[in-house]
$ cat work-v7.csv   # CSV, C-alpha atoms
chain,number,residue,atom,x,y,z
Q,1,MET,CA,-16.7,-10.0,22.8
Q,2,SER,CA,-16.2,-7.6,25.7
Q,3,TYR,CA,-13.8,-10.1,27.2
Q,4,SER,CA,-11.6,-10.0,24.1
Q,5,LEU,CA,-11.8,-6.3,23.8
Q,6,ALA,CA,-10.4,-6.2,27.4
Q,7,LYS,CA,-7.4,-8.2,26.0
Q,8,VAL,CA,-7.0,-5.7,23.2
Q,9,ASP,CA,-7.1,-2.9,25.8
Q,10,ARG,CA,-4.3,-4.6,27.7
Q,11,ILE,CA,-2.1,-4.8,24.6
Q,12,ILE,CA,-2.8,-1.2,23.7
Q,13,ASP,CA,-2.0,-0.1,27.3
Q,14,HIS,CA,1.2,-2.1,27.2
Q,15,TYR,CA,2.4,0.3,24.5
Q,16,GLY,CA,1.0,3.3,26.3
Q,17,ALA,CA,-1.7,3.8,23.7
Q,18,ASP,CA,0.9,5.2,21.4
Q,19,ALA,CA,-0.2,5.6,17.8
Q,20,GLU,CA,3.4,5.2,16.6
Q,21,ALA,CA,3.4,1.7,17.9
Q,22,LEU,CA,0.5,0.8,15.7
Q,23,ILE,CA,2.1,-2.0,13.8
Q,24,GLN,CA,3.5,-3.6,17.0
Q,25,ILE,CA,0.1,-3.4,18.6
Q,26,LEU,CA,-1.6,-5.0,15.5
Q,27,LEU,CA,1.0,-7.7,15.5
Q,28,ASP,CA,0.3,-8.5,19.2
Q,29,ILE,CA,-3.4,-8.4,18.7
Q,30,GLN,CA,-3.1,-10.8,15.7
Q,31,HIS,CA,-0.9,-13.1,17.8
Q,32,GLU,CA,-3.5,-13.2,20.5
Q,33,PHE,CA,-6.6,-13.7,18.2
Q,34,ARG,CA,-4.9,-15.1,15.1
Q,35,TRP,CA,-6.7,-12.5,13.0
Q,36,LEU,CA,-7.9,-8.9,13.1
Q,37,SER,CA,-11.7,-8.6,13.3
Q,38,ARG,CA,-13.6,-5.4,12.3
Q,39,GLU,CA,-14.6,-4.8,15.9
Q,40,THR,CA,-11.0,-5.1,17.1
Q,41,LEU,CA,-9.8,-2.7,14.5
Q,42,LEU,CA,-12.6,-0.2,15.3
Q,43,HIS,CA,-11.7,-0.4,19.0
Q,44,THR,CA,-8.0,0.0,18.3
Q,45,ALA,CA,-8.7,3.0,16.0
Q,46,ASP,CA,-10.8,4.5,18.8
Q,47,ARG,CA,-8.2,4.0,21.5
Q,48,LEU,CA,-5.2,5.3,19.4
Q,49,GLY,CA,-7.2,8.2,18.0
Q,50,LEU,CA,-6.4,7.0,14.4
Q,51,PRO,CA,-8.9,7.0,11.5
Q,52,MET,CA,-10.0,3.7,10.2
Q,53,ASN,CA,-8.6,4.3,6.8
Q,54,GLN,CA,-5.1,4.3,8.2
Q,55,LEU,CA,-5.7,1.0,9.9
Q,56,TYR,CA,-7.0,-0.6,6.7
Q,57,ASN,CA,-4.1,1.0,4.8
Q,58,VAL,CA,-1.6,-0.8,7.1
Q,59,THR,CA,-3.5,-4.1,7.5
Q,60,THR,CA,-4.0,-4.5,3.8
Q,61,PHE,CA,-0.5,-3.4,2.9
Q,62,TYR,CA,1.4,-6.0,5.0
Q,63,LYS,CA,0.7,-9.6,4.0
Q,64,HIS,CA,1.2,-10.8,7.5
Q,65,PHE,CA,-2.0,-9.3,8.8
Q,66,SER,CA,-5.2,-11.3,8.3
Q,67,LEU,CA,-8.7,-9.7,8.1
Q,68,VAL,CA,-10.2,-13.2,8.0
Q,69,PRO,CA,-10.2,-15.8,10.7
Q,70,GLN,CA,-7.1,-18.1,10.7
Q,71,GLY,CA,-7.0,-21.7,11.8
Q,72,ARG,CA,-5.6,-22.8,15.2
Q,73,HIS,CA,-2.6,-24.4,13.5
Q,74,ALA,CA,-0.7,-22.5,10.8
Q,75,VAL,CA,0.7,-24.7,8.0
Q,76,SER,CA,3.2,-23.1,5.7
Q,77,VAL,CA,4.8,-24.6,2.7
Q,78,CYS,CA,7.8,-22.9,1.2
Q,79,VAL,CA,7.6,-22.3,-2.6
Q,80,GLY,CA,10.8,-20.2,-2.8
Q,81,THR,CA,13.4,-20.9,-5.5
Q,82,ALA,CA,15.5,-23.5,-3.7
Q,83,CYS,CA,12.4,-25.4,-2.5
Q,84,HIS,CA,10.8,-25.1,-5.9
Q,85,VAL,CA,13.8,-26.7,-7.5
Q,86,ARG,CA,13.7,-29.5,-4.9
Q,87,GLY,CA,10.1,-30.3,-5.5
Q,88,ALA,CA,7.9,-27.8,-3.6
Q,89,THR,CA,5.0,-28.2,-6.0
Q,90,ARG,CA,4.8,-31.9,-5.3
Q,91,LEU,CA,5.1,-31.3,-1.5
Q,92,LEU,CA,2.3,-28.7,-1.8
Q,93,ASP,CA,0.1,-31.1,-3.5
Q,94,ARG,CA,0.7,-33.7,-0.8
Q,95,VAL,CA,0.1,-31.2,2.0
Q,96,ALA,CA,-3.1,-29.9,0.3
Q,97,GLN,CA,-4.3,-33.4,0.0
Q,98,GLY,CA,-3.3,-34.4,3.6
Q,99,PHE,CA,-4.9,-31.3,5.2
Q,100,LYS,CA,-7.8,-31.2,2.7
Q,101,LEU,CA,-7.1,-27.5,2.0
Q,102,SER,CA,-6.0,-25.5,-0.9
Q,103,PRO,CA,-3.4,-22.7,-0.4
Q,104,ASP,CA,-4.6,-19.6,1.4
Q,105,GLU,CA,-7.6,-21.5,2.7
Q,106,THR,CA,-8.8,-22.1,6.3
Q,107,SER,CA,-10.7,-25.2,7.2
Q,108,ALA,CA,-14.4,-24.8,8.1
Q,109,ASP,CA,-13.7,-25.8,11.8
Q,110,GLU,CA,-10.9,-23.3,11.9
Q,111,LYS,CA,-8.4,-26.0,12.7
Q,112,PHE,CA,-5.9,-25.5,10.0
Q,113,SER,CA,-4.8,-22.6,7.7
Q,114,LEU,CA,-2.6,-23.4,4.7
Q,115,LYS,CA,-0.3,-20.8,3.3
Q,116,THR,CA,2.6,-20.7,0.8
Q,117,VAL,CA,5.7,-18.7,1.8
Q,118,SER,CA,8.6,-17.6,-0.3
Q,119,CYS,CA,11.7,-18.7,1.7
Q,120,LEU,CA,12.1,-19.7,5.3
Q,121,GLY,CA,15.8,-19.4,5.4
Q,122,CYS,CA,16.6,-23.1,5.6
Q,123,CYS,CA,17.0,-24.0,2.0
Q,124,ALA,CA,19.2,-27.0,2.8
Q,125,LEU,CA,16.1,-28.7,4.2
Q,126,GLY,CA,14.0,-28.0,1.2
Q,127,PRO,CA,11.3,-28.6,0.2
Q,128,VAL,CA,10.2,-27.6,3.7
Q,129,MET,CA,6.9,-27.5,5.5
Q,130,VAL,CA,6.3,-25.7,8.9
Q,131,VAL,CA,3.4,-26.6,11.2
Q,132,ASP,CA,3.1,-24.3,14.3
Q,133,GLY,CA,6.8,-23.4,14.1
Q,134,LYS,CA,8.0,-27.0,13.7
Q,135,TYR,CA,10.1,-27.5,10.5
Q,136,MET,CA,9.8,-30.6,8.5
Q,137,SER,CA,12.0,-31.5,5.5
Q,138,ASN,CA,10.1,-33.0,2.6
Q,139,PRO,CA,7.5,-35.0,4.7
Q,140,THR,CA,5.9,-38.0,3.1
Q,141,SER,CA,2.1,-38.4,2.8
Q,142,ASN,CA,2.2,-40.7,5.9
Q,143,GLU,CA,4.1,-38.1,8.0
Q,144,ILE,CA,1.7,-35.4,7.0
Q,145,ALA,CA,-1.3,-37.7,7.9
Q,146,GLU,CA,0.4,-38.2,11.4
Q,147,ILE,CA,0.6,-34.4,11.9
Q,148,VAL,CA,-3.1,-34.0,11.0
Q,149,GLU,CA,-3.9,-36.7,13.6
Q,150,GLU,CA,-1.7,-35.1,16.3
Q,151,CYS,CA,-3.1,-31.6,16.0
Q,152,GLU,CA,-6.0,-30.9,18.3
G,1,MET,CA,15.5,33.3,7.6
G,2,SER,CA,19.0,32.3,6.9
G,3,GLN,CA,20.0,31.9,3.3
G,4,VAL,CA,21.9,29.1,1.8
G,5,ASN,CA,23.8,28.9,-1.5
G,6,ILE,CA,23.1,26.0,-3.8
G,7,THR,CA,23.9,25.2,-7.5
G,8,ILE,CA,21.2,24.0,-9.8
G,9,ASN,CA,22.2,23.0,-13.3
G,10,GLY,CA,25.4,25.0,-12.9
G,11,VAL,CA,23.6,28.2,-11.8
G,12,ASN,CA,24.2,29.7,-8.3
G,13,ILE,CA,21.0,30.2,-6.4
G,14,GLN,CA,20.2,31.7,-3.0
G,15,ALA,CA,17.4,30.0,-1.2
G,16,GLU,CA,15.9,29.9,2.2
G,17,LYS,CA,17.1,27.3,4.6
G,18,GLY,CA,14.6,24.5,5.1
G,19,MET,CA,13.3,24.6,1.6
G,20,THR,CA,13.2,21.4,-0.5
G,21,ILE,CA,15.1,21.2,-3.7
G,22,LEU,CA,11.8,21.4,-5.6
G,23,GLU,CA,10.7,24.6,-3.8
G,24,ALA,CA,14.1,26.2,-4.4
G,25,ALA,CA,14.1,25.3,-8.1
G,26,ARG,CA,10.5,26.5,-8.6
G,27,THR,CA,11.3,29.8,-6.9
G,28,ALA,CA,14.2,30.2,-9.2
G,29,GLY,CA,12.1,29.4,-12.2
G,30,ILE,CA,13.7,26.0,-12.9
G,31,PHE,CA,11.3,23.3,-14.2
G,32,ILE,CA,11.1,20.0,-12.4
G,33,PRO,CA,8.2,17.8,-13.5
G,34,THR,CA,5.8,16.5,-10.7
G,35,LEU,CA,2.5,14.7,-10.5
G,36,CYS,CA,1.9,14.0,-6.8
G,37,TYR,CA,3.2,17.4,-5.5
G,38,HIS,CA,0.8,20.1,-4.3
G,39,GLU,CA,1.8,23.3,-2.5
G,40,GLU,CA,-1.0,23.0,0.0
G,41,LEU,CA,-0.2,19.4,1.0
G,42,GLU,CA,2.8,17.7,2.5
G,43,SER,CA,5.2,16.2,0.1
G,44,TYR,CA,4.6,12.5,-0.6
G,45,GLY,CA,7.3,11.3,-2.9
G,46,ALA,CA,5.1,8.9,-4.7
G,47,CYS,CA,5.3,9.7,-8.4
G,48,ARG,CA,9.1,9.9,-8.5
G,49,LEU,CA,9.0,12.2,-11.5
G,50,CYS,CA,10.8,14.9,-9.5
G,51,VAL,CA,14.0,12.9,-9.0
G,52,VAL,CA,17.2,14.9,-9.4
G,53,GLU,CA,20.9,14.1,-9.1
G,54,ILE,CA,22.8,15.6,-6.2
G,55,GLY,CA,26.5,15.7,-5.4
G,56,GLN,CA,29.5,15.5,-7.7
G,57,GLY,CA,31.7,12.8,-9.2
G,58,GLU,CA,31.6,9.5,-7.4
G,59,ARG,CA,29.3,10.7,-4.7
G,60,LYS,CA,26.4,11.5,-7.0
G,61,LYS,CA,23.1,10.2,-5.9
G,62,ILE,CA,19.5,10.4,-6.9
G,63,VAL,CA,16.9,11.8,-4.6
G,64,ALA,CA,13.3,12.9,-4.8
G,65,SER,CA,13.5,16.7,-4.9
G,66,CYS,CA,10.1,17.3,-3.3
G,67,LEU,CA,11.4,15.7,-0.1
G,68,TYR,CA,15.1,16.5,0.0
G,69,GLN,CA,16.0,19.6,2.1
G,70,ILE,CA,18.7,21.9,0.7
G,71,SER,CA,21.9,22.6,2.6
G,72,ASP,CA,24.7,25.0,1.9
G,73,GLY,CA,26.8,24.1,-1.1
G,74,LEU,CA,24.4,21.5,-2.5
G,75,VAL,CA,25.0,20.8,-6.2
G,76,VAL,CA,21.9,19.7,-8.1
G,77,GLU,CA,21.4,18.5,-11.7
G,78,THR,CA,17.7,18.3,-12.8
G,79,GLU,CA,18.0,17.0,-16.4
G,80,THR,CA,20.8,14.5,-16.7
G,81,GLU,CA,20.5,11.6,-19.1
G,82,LYS,CA,20.2,9.1,-16.3
G,83,ILE,CA,17.3,11.1,-14.6
G,84,ASN,CA,15.5,11.6,-17.9
G,85,GLY,CA,15.7,7.9,-18.5
G,86,PHE,CA,14.0,7.3,-15.1
G,87,ARG,CA,11.3,9.8,-16.0
G,88,ARG,CA,10.8,8.1,-19.4
G,89,THR,CA,10.3,4.7,-17.7
G,90,ILE,CA,7.9,6.1,-15.1
G,91,LEU,CA,5.8,7.9,-17.8
G,92,SER,CA,5.8,4.8,-20.0
G,93,LEU,CA,4.4,2.8,-17.1
G,94,LEU,CA,1.9,5.5,-16.2
G,95,MET,CA,0.7,5.5,-19.9
G,96,HIS,CA,-0.9,2.1,-19.3
G,97,ARG,CA,-3.0,3.4,-16.4
G,98,TRP,CA,-3.9,6.9,-17.7
G,99,ASP,CA,-4.2,7.7,-21.4
G,100,SER,CA,-4.1,11.5,-21.3
G,101,ILE,CA,-0.8,12.3,-19.6
G,102,PRO,CA,0.2,15.9,-20.7
G,103,ALA,CA,1.7,15.4,-24.2
G,104,SER,CA,4.4,18.0,-23.4
G,105,LEU,CA,5.8,15.6,-20.7
G,106,LEU,CA,5.7,12.6,-22.9
G,107,GLU,CA,7.4,14.4,-25.8
G,108,LYS,CA,10.0,16.0,-23.5
G,109,TYR,CA,11.1,12.7,-22.1
G,110,GLY,CA,10.4,10.6,-25.2
G,111,ALA,CA,8.0,8.2,-23.3
G,112,LYS,CA,6.4,5.6,-25.5
G,113,SER,CA,3.9,2.9,-24.9
G,114,ASN,CA,5.7,-0.3,-24.3
G,115,GLU,CA,4.2,-3.6,-25.2
G,116,ARG,CA,5.8,-5.3,-22.3
G,117,PHE,CA,3.4,-3.4,-20.0
G,118,THR,CA,-0.2,-4.6,-20.0
G,119,ASP,CA,-2.9,-2.0,-20.1
G,120,ASN,CA,-4.7,-1.4,-16.9
G,121,MET,CA,-6.6,1.8,-17.6
G,122,THR,CA,-7.8,2.6,-14.1
G,123,TYR,CA,-7.2,6.3,-14.6
G,124,CYS,CA,-5.9,6.4,-11.1
G,125,ILE,CA,-2.1,6.9,-10.8
G,126,LEU,CA,-2.2,6.5,-7.0
G,127,CYS,CA,-0.7,9.9,-6.4
G,128,GLY,CA,-2.6,10.2,-3.2
G,129,LEU,CA,-3.6,13.8,-3.7
G,130,CYS,CA,-7.3,13.1,-2.9
G,131,VAL,CA,-6.4,11.0,0.1
G,132,ARG,CA,-4.0,13.5,1.5
G,133,PHE,CA,-6.4,16.4,0.8
G,134,CYS,CA,-9.1,14.5,2.7
G,135,HIS,CA,-6.7,13.9,5.6
G,136,GLU,CA,-4.7,17.1,5.8
G,137,VAL,CA,-7.0,19.8,4.8
G,138,LYS,CA,-10.5,18.4,5.6
G,139,GLY,CA,-9.5,16.1,8.5
G,140,ALA,CA,-12.2,13.8,7.2
G,141,ASN,CA,-10.3,10.6,6.5
G,142,VAL,CA,-13.1,9.4,4.3
G,143,LEU,CA,-10.8,8.4,1.5
G,144,GLY,CA,-8.0,6.0,1.9
G,145,PHE,CA,-5.8,3.4,0.2
G,146,ILE,CA,-6.2,-0.4,0.5
G,147,GLY,CA,-3.8,-3.1,-0.7
G,148,ARG,CA,-0.4,-2.9,-2.2
G,149,GLY,CA,1.2,-3.2,-5.6
G,150,THR,CA,-1.1,-3.8,-8.6
G,151,ILE,CA,-4.3,-4.1,-6.5
G,152,ARG,CA,-3.7,-0.8,-4.5
G,153,GLN,CA,-6.7,1.4,-4.9
G,154,VAL,CA,-8.6,4.3,-3.3
G,155,VAL,CA,-11.7,3.6,-1.4
G,156,ILE,CA,-14.3,5.5,0.6
G,157,PHE,CA,-14.3,4.0,4.1
G,158,PRO,CA,-16.6,2.0,6.3
G,159,ASN,CA,-18.7,3.9,8.9
G,160,GLN,CA,-17.7,7.0,6.9
G,161,SER,CA,-20.2,6.4,4.1
G,162,ALA,CA,-20.9,8.9,1.3
G,163,LYS,CA,-23.2,10.8,3.7
G,164,TYR,CA,-20.3,11.3,6.1
G,165,CYS,CA,-18.4,12.7,3.1
G,166,ALA,CA,-21.2,15.2,2.6
G,167,SER,CA,-20.8,16.4,6.2
G,168,PHE,CA,-17.3,17.6,5.4
G,169,CYS,CA,-17.8,18.8,1.9
G,170,PRO,CA,-21.4,20.0,1.7
G,171,ASP,CA,-21.5,21.1,-1.9
G,172,GLU,CA,-19.3,18.7,-3.8
G,173,MET,CA,-16.4,16.4,-3.2
G,174,GLU,CA,-13.6,19.1,-3.1
G,175,CYS,CA,-10.9,16.4,-3.6
G,176,LEU,CA,-12.0,16.1,-7.2
G,177,HIS,CA,-10.3,19.4,-8.0
G,178,TYR,CA,-7.0,17.8,-6.8
G,179,CYS,CA,-7.2,14.7,-9.0
G,180,PRO,CA,-4.8,15.1,-11.9
G,181,THR,CA,-6.5,12.5,-14.0
G,182,GLY,CA,-10.1,13.6,-13.1
G,183,VAL,CA,-11.2,10.1,-12.2
G,184,ILE,CA,-12.8,11.0,-9.0
G,185,SER,CA,-16.2,12.1,-10.2
G,186,SER,CA,-18.9,13.5,-8.0
G,187,GLN,CA,-21.4,11.2,-9.7
G,188,TYR,CA,-22.0,9.2,-6.5
G,189,TYR,CA,-21.7,12.1,-4.1
G,190,GLY,CA,-24.2,11.9,-1.3
G,191,SER,CA,-25.2,8.3,-2.2
G,192,ARG,CA,-23.4,5.2,-3.2
G,193,PRO,CA,-23.6,3.0,-6.3
G,194,ALA,CA,-25.9,0.0,-6.0
G,195,ASP,CA,-24.4,-3.4,-5.6
G,196,GLY,CA,-23.0,-4.7,-8.9
G,197,GLN,CA,-23.3,-1.4,-10.6
G,198,ALA,CA,-20.4,-0.8,-12.9
G,199,LEU,CA,-18.0,1.8,-11.5
G,200,PRO,CA,-16.5,4.3,-14.0
G,201,HIS,CA,-12.8,3.6,-14.3
G,202,ALA,CA,-11.3,3.8,-10.8
G,203,HIS,CA,-13.9,5.8,-9.1
G,204,PRO,CA,-13.1,5.0,-5.5
G,205,VAL,CA,-15.1,2.0,-4.4
G,206,CYS,CA,-17.5,2.9,-1.6
G,207,ILE,CA,-17.4,0.8,1.5
G,208,ASN,CA,-20.0,1.1,4.1
G,209,GLU,CA,-22.2,-1.1,6.2
G,210,ASP,CA,-23.4,-3.3,3.4
G,211,ILE,CA,-20.4,-3.4,1.1
G,212,ASN,CA,-17.8,-5.1,3.3
G,213,ILE,CA,-14.1,-4.4,2.9
G,214,LEU,CA,-13.5,-8.1,2.6
G,215,GLU,CA,-15.7,-8.2,-0.5
G,216,ILE,CA,-13.7,-5.4,-2.0
G,217,LEU,CA,-10.4,-7.2,-1.2
G,218,GLU,CA,-11.8,-10.4,-2.7
G,219,ARG,CA,-12.9,-8.6,-5.8
G,220,VAL,CA,-9.4,-7.2,-6.4
G,221,GLY,CA,-7.8,-10.5,-5.6
G,222,TYR,CA,-6.2,-9.7,-2.3
G,223,ILE,CA,-7.8,-12.6,-0.5
G,224,SER,CA,-9.5,-15.7,-1.7
G,225,LYS,CA,-12.7,-17.0,-0.3
$ encode --input "work-v7.csv" --output "structure tokens"
Amino acid sequence: MSYSLAKVDRIIDHYGADAEALIQILLDIQHEFRWLSRETLLHTADRLGLPMNQLYNVTTFYKHFSLVPQGRHAVSVCVGTACHVRGATRLLDRVAQGFKLSPDETSADEKFSLKTVSCLGCCALGPVMVVDGKYMSNPTSNEIAEIVEECE
Amino acid sequence: MSQVNITINGVNIQAEKGMTILEAARTAGIFIPTLCYHEELESYGACRLCVVEIGQGERKKIVASCLYQISDGLVVETETEKINGFRRTILSLLMHRWDSIPASLLEKYGAKSNERFTDNMTYCILCGLCVRFCHEVKGANVLGFIGRGTIRQVVIFPNQSAKYCASFCPDEMECLHYCPTGVISSQYYGSRPADGQALPHAHPVCINEDINILEILERVGYISK
């Protein structure tokens, strides 16, 4: 734990321990650890001289922040209007089956997290799935199974 | 202090520079309804009841009077049809969270309960007066908001359990005098409700070592297990 708090310290120092950079600091910490643990938040509050209620206010307001551990691989399925019309619900079913996860769930071994999102800006590819930043247009069950195999 | 001239509802008014429209209007005895405003606290702009129309002709716009600072020659209208329409909608929405909004306000703006809105009688209108009092006046930061949208609510924070509360307000939770709906009760002051005990209305949920913030978020539907 002390090792990871050293990482948190590095991120905070990078922004000069400036309370105004709170959101950017939290984003960087989340990028590093994939989620925001209570210890990390307490430490950040301490370093920035902010009360915990403000940190919880911010972290529960923005959907991007996660207070629960996230998987090593982020799987997103778009359920925005364009993707919905082009069959996002069927894709979501296939993905959920392939990864053995329901939406907003993280696998027990913290390998995958499945999320639904509301538009990725590439509607022409819809329905679209993103795994670790790699976009896939309407993958078949076999293609999904391949991805599951490939991921460490 | 330098003075500026502004016009509110067609009446010329002299006010001090740096005042907000609301302060200038109140000084001149002009009524603007508010719920989340309090002289001792910083303006927050949450309830939106204090909206007014500024400018003239095509350049008219709507601003929150509790936050907008006056400048020389400003023209303000506080009771136009458009603004009262806004107030009516806001009050109609609030009626489904709090059943005893001052009747004078409801009558004045013709707010009626609307069947499109579902009842969610939390008795908390999220005006933030208690939270801001706790932060600005007491410097305690024991109360705070979590979540957003329909699940947003006031909580008492971890590591800052009710006992911590008592170290800042030794006799009673002073914030309860600021609550317009009276939902913050001192019933749990100095202790905390046992697990699973029904909470009256929207009494702030107490979080400390053994009630985890994640459990609260789960209960209000912010995260799933």
$ interface_residues --input "work-v7.csv" --of "chain Q" --to "chain G" --cutoff "10 Å" --atoms "only C-alpha atoms" --output "PyMOL selection string"
chain Q and resi 38+42+50-63+66-68+103-106
$ residues_around --input "work-v7.csv" --residues "region 104-112 of chain G" --least-positions-apart "3" --cutoff "12 Å" --atoms "all atoms listed in the file" --output "MDAnalysis selection string"
chainID G and resid 31:35 49 79:96 99:101 115:117
$ write_last_selection --input "work-v7.csv" --atoms "C-alpha atoms" --output "compact mmCIF listing (two decimals), keeping the file's coordinate frame"
# COMPACT_ATOMS: atom_id res chain seq x y z
CA PHE G 31 11.30 23.30 -14.20
CA ILE G 32 11.10 20.00 -12.40
CA PRO G 33 8.20 17.80 -13.50
CA THR G 34 5.80 16.50 -10.70
CA LEU G 35 2.50 14.70 -10.50
CA LEU G 49 9.00 12.20 -11.50
CA GLU G 79 18.00 17.00 -16.40
CA THR G 80 20.80 14.50 -16.70
CA GLU G 81 20.50 11.60 -19.10
CA LYS G 82 20.20 9.10 -16.30
CA ILE G 83 17.30 11.10 -14.60
CA ASN G 84 15.50 11.60 -17.90
CA GLY G 85 15.70 7.90 -18.50
CA PHE G 86 14.00 7.30 -15.10
CA ARG G 87 11.30 9.80 -16.00
CA ARG G 88 10.80 8.10 -19.40
CA THR G 89 10.30 4.70 -17.70
CA ILE G 90 7.90 6.10 -15.10
CA LEU G 91 5.80 7.90 -17.80
CA SER G 92 5.80 4.80 -20.00
CA LEU G 93 4.40 2.80 -17.10
CA LEU G 94 1.90 5.50 -16.20
CA MET G 95 0.70 5.50 -19.90
CA HIS G 96 -0.90 2.10 -19.30
CA ASP G 99 -4.20 7.70 -21.40
CA SER G 100 -4.10 11.50 -21.30
CA ILE G 101 -0.80 12.30 -19.60
CA GLU G 115 4.20 -3.60 -25.20
CA ARG G 116 5.80 -5.30 -22.30
CA PHE G 117 3.40 -3.40 -20.00
$ residues_around --input "work-v7.csv" --residues "Trp35 (chain Q)" --least-positions-apart "6" --cutoff "10 Å" --atoms "all atoms listed in the file" --output "MDAnalysis selection string"
chainID Q and resid 26:27 29 64:71
$ write_last_selection --input "work-v7.csv" --atoms "C-alpha atoms" --output "CSV table (one decimal), in the coordinates of the input"
chain,number,residue,atom,x,y,z
Q,26,LEU,CA,-1.6,-5.0,15.5
Q,27,LEU,CA,1.0,-7.7,15.5
Q,29,ILE,CA,-3.4,-8.4,18.7
Q,64,HIS,CA,1.2,-10.8,7.5
Q,65,PHE,CA,-2.0,-9.3,8.8
Q,66,SER,CA,-5.2,-11.3,8.3
Q,67,LEU,CA,-8.7,-9.7,8.1
Q,68,VAL,CA,-10.2,-13.2,8.0
Q,69,PRO,CA,-10.2,-15.8,10.7
Q,70,GLN,CA,-7.1,-18.1,10.7
Q,71,GLY,CA,-7.0,-21.7,11.8
$ atom_distance --input "work-v7.csv" --atom1 "CA of Thr181 (chain G)" --atom2 "CA of Ile62 (chain G)"
27.0 Å
$ atom_distance --input "work-v7.csv" --atom1 "CA of Cys151 (chain Q)" --atom2 "CA of Cys123 (chain Q)"
25.6 Å
$ atom_distance --input "work-v7.csv" --atom1 "CA of Lys100 (chain Q)" --atom2 "CA of Cys78 (chain Q)"
17.7 Å
$ closest_residue --input "work-v7.csv" --among "G:Val183, G:Cys175, G:Ala24, G:Val137" --to "Arg97 (chain G)" --atoms "only C-alpha atoms"
G:Val183
$ residues_around --input "work-v7.csv" --residues "Ala124 (chain Q)" --least-positions-apart "2" --cutoff "12 Å" --atoms "only C-alpha atoms" --output "VMD selection string"
chain Q and resid 81 to 83 85 to 86 119 to 122 126 to 128 135 to 138
$ residues_around --input "work-v7.csv" --residues "Glu136 (chain G)" --least-positions-apart "6" --cutoff "12 Å" --atoms "all atoms listed in the file" --output "JSON list (two decimals) with C-alpha atoms, in the coordinates of the input"
[["chain", "number", "residue", "atom", "x", "y", "z"],
["G", 38, "HIS", "CA", 0.80, 20.10, -4.30],
["G", 40, "GLU", "CA", -1.00, 23.00, 0.00],
["G", 41, "LEU", "CA", -0.20, 19.40, 1.00],
["G", 42, "GLU", "CA", 2.80, 17.70, 2.50],
["G", 43, "SER", "CA", 5.20, 16.20, 0.10],
["G", 128, "GLY", "CA", -2.60, 10.20, -3.20],
["G", 129, "LEU", "CA", -3.60, 13.80, -3.70],
["G", 130, "CYS", "CA", -7.30, 13.10, -2.90],
["G", 142, "VAL", "CA", -13.10, 9.40, 4.30],
["G", 143, "LEU", "CA", -10.80, 8.40, 1.50],
["G", 175, "CYS", "CA", -10.90, 16.40, -3.60]]
$ closest_residue --input "work-v7.csv" --among "G:Ala15, G:Lys61, G:Asp171, G:Leu67" --to "Ala46 (chain G)" --atoms "only C-alpha atoms"
G:Leu67
